[in-house]
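One structure below.
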Amino acid sequence: MHQTVRSSLAKWLVAAVFAGGFFLRTLPSQTSSRNDFHFSLVGDRTGDAQPQIWGRVWREVDLLHPDFVVQVGDIIQGGSDEKAEAQWAEMRPLWKQYSHYPIYLTPGNHDIWNKKSEDLFVKETGRQTHYSFNYQNAHFVILDNSRTRDLSEEQLKFLEEDLKANKDKNPKFVVCHRDYWITPLKAGNTDIPLHKIVKQYGVQQVISGHGHRFVRIVRDGVAYMEVGSSGGTMIGKWKNGDGFRQGVFYHHIWVRVNGDKVQFTVRELDGQFGQGRMFDASQWDENGPHFEIGDPGISGKPMT
């Protein structure tokens with residue numbers, strides 16, 4: 001009798017493993033060599049924060065259930081030692097509300113402007129000014145150019161040493177706030193230290209913020225992308241006639257990593273803040289969108 005029960009239980013367990021195998025496949029451990037995860041990219045909040053837009057972006061991101069979030073800098077208005085601590089305190093409820101996944105912050109020029117603000121950034125965010133982390137077999141490097149136009153020699157040295165130590169990770173992402181690479185790359189100049197390093201170590205993606213404009217440029221297999229505004233004002237750009245085609249729209253980016261493949265889905269806000277357009281970032285290059293901006297779906301040819 002007991003043997004029959006044990007035999008039936010064994011058969012049930014075997015069947016359960018096969019029947020429920022998809023649960024195991026969709027929940028890979030962080031040490032797995034196979035990548036299967038999602039994360040979100042969130043853009044600038046300042047200067048001149050638009051709190052209702054920033055809040056809307058985070059609610060949308062949360063409903064997508066990312067494994068983690070990378071924010072590209074400019075959280076507080078900054079520039080004032082007297083006001084900085086109170087401005088960071090305004091962010092604490094948000095960190096608490098969305099503490100069920102890691103948030104990796106990048107220092108922006110509004111966040112750090114001197115040593116005191118640097119210490120406050122580290123205290124409030126729990127992150128160093130530059131650091132790296134792995135998720136499954138992917139590697140992420142966060143750099144600090146909050147107080148320099150480009151990346152300092154110290155930051156470039158950290159980047160190269162870090163990438164060398166993680167050369168077997170794939171894919172690799174490099175994030176810094178200032179988008180200083182736009183001007184040389186658009187001019188056809190790839191002779192910049194950042195590009196040489198990321199090309200040498202097989203980095204696929206370089207991501208920045210700062211300009212409140214969505215930009216994407218590909219050089220030598222490296223995709224450079226500026227995440228636009230997720231809550232910083234764009235009134236000046238609109239007054240100058242810029243709009244969606246020029247990358248001026250409120251958005252966040254949903255990223256799918258499957259093996260060594262990376263897909264970026266740009267999600268514009270809707271309602272009074274935008275038209276809710278979504279598109280694959282690969283459909284956008286230095287000349288702008290390669291789709292019908294009124295409705296990206298129009299340019300598709302689905303099978304019916």
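So you can find residues: chains in the structure tokens are A, B, ... in the order shown, residues in each start at 1, and ligands are numbered from 1 in order.
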Exercise. Using only C-alpha atoms, which residues sit within 6 Å of range 195-208 of chain A once same-chain residues fewer than 2 positions away are excluded, as JSON, numbers by chain?
Worked result: {"A": [172, 173, 174, 175, 176, 177, 179, 192, 193, 222, 223, 224, 225, 226]}
Exercise. Which residues in range 97-190 of chain A does DSSP call helix (DSSP H, G or I)? List them as a ChimeraX atom specification.
Worked result: /A:97,115-125,153-165,182-186
For this session: Select, from A:Glu118, A:Asp168, A:Glu85, A:Asp220, the residue with the minimum atom-to-atom distance to Leu185 in chain A, counting only C-alpha atoms.
Result: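 So, comparing all the options, the nearest one is A:Asp220.
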Exercise. Please, which residues of range 39-120 of chain A, numbered as in this document, come out strand (DSSP E or B) from DSSP, as a list in words?
Worked result: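 Filtering range 39-120 of chain A to strand (DSSP E or B) leaves Phe39, Ser40, Leu41, Val42, Asp44, Ala49, Val69, Val70, Gln71, Ile103, Tyr104 and Leu105 of chain A.
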Exercise. Expressed in Å to a single decimal, how great is the separation between CA of Gln283 in chain A and CA of Val227 in chain A?
Worked result: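 Computing it gives 14.9 Å between the two atoms.
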For this session: Go ahead and compute the interatomic distance for CA of Asp260 in chain A and CA of Leu159 in chain A, in Å to one decimal.
Result: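 So the answer is 20.7 Å.
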For this session: Using only C-alpha atoms, determine which residues lie at most 9 Å from range 32-49 of chain A, disregarding the query and same-chain residues fewer than 5 positions distant; provide the list as a ChimeraX atom specification.
Result: /A:25-27,54,57-58,61,64-78,108,110,135-138,169-171,208-212,226-233,250-261
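The neighbours of range 238-249 of chain A here are the residues that come within 7 Å of it, using only C-alpha atoms and leaving out any residue fewer than 4 positions away in the same chain; they are His212, Arg213, Phe214, Val215, Met234, Glu268, Gly274, Gly288 and Pro289 of chain A.
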Problem set entry | Using only C-alpha atoms: which of A:Ser132, A:Tyr180, A:Arg267, A:Ser117 has the shortest distance to Glu160 in chain A | A:Ser132
Exercise. Of the residues A:Gln263, A:Pro107, A:Glu153, A:Tyr131, which is the one nearest to Arg178 in chain A, using only C-alpha atoms?
Worked result: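 Once distances to Arg178 in chain A are computed over only C-alpha atoms, the minimum belongs to A:Pro107.
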For this session: Check the smallest atom-to-atom distance from each of A:Ile293, A:Ile53, A:Thr106, A:Lys237 to Val122 in chain A using only C-alpha atoms, then report the winner.
Result: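 Of A:Ile293, A:Ile53, A:Thr106, A:Lys237, the one nearest Val122 in chain A, counting only C-alpha atoms, is A:Thr106.
In this comparison, which uses only C-alpha atoms, the residue of A:Ala89, A:Asp119, A:Val218, A:Asn145 approaching Asp285 in chain A most closely is A:Val218.
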Exercise. So which residues touch Gln155 in chain A within 10 Å, counting only C-alpha atoms, skipping near sequence neighbours fewer than 3 positions away, as a PyMOL selection string?
Worked result: chain A and resi 130+142-145+150-152+158-161+194
Output file for the selection above: C-alpha atoms, as a tab-separated table (two decimals), in the first residue's frame:
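Once everything was written out, this is result_26.tsv:
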chain	number	residue	atom	x	y	z
A	130	HIS	CA	29.77	55.51	-10.94
A	142	ILE	CA	26.78	53.66	-14.93
A	143	LEU	CA	29.20	56.57	-15.41
A	144	ASP	CA	29.37	60.11	-14.02
A	145	ASN	CA	29.74	63.13	-16.31
A	150	ASP	CA	32.32	64.59	-21.70
A	151	LEU	CA	33.75	61.67	-19.73
A	152	SER	CA	36.87	62.39	-17.66
A	158	PHE	CA	37.01	52.91	-14.83
A	159	LEU	CA	34.95	51.99	-17.89
A	160	GLU	CA	37.79	50.18	-19.65
A	161	GLU	CA	38.87	48.26	-16.57
A	194	LEU	CA	34.27	56.41	-25.53
For this session: Would you work out the distance separating CA of Gly294 in chain A from CA of Ile235 in chain A, expressed in Å to one decimal?
Result: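 Computing the Euclidean distance for CA of Gly294 in chain A and CA of Ile235 in chain A yields 21.0 Å.
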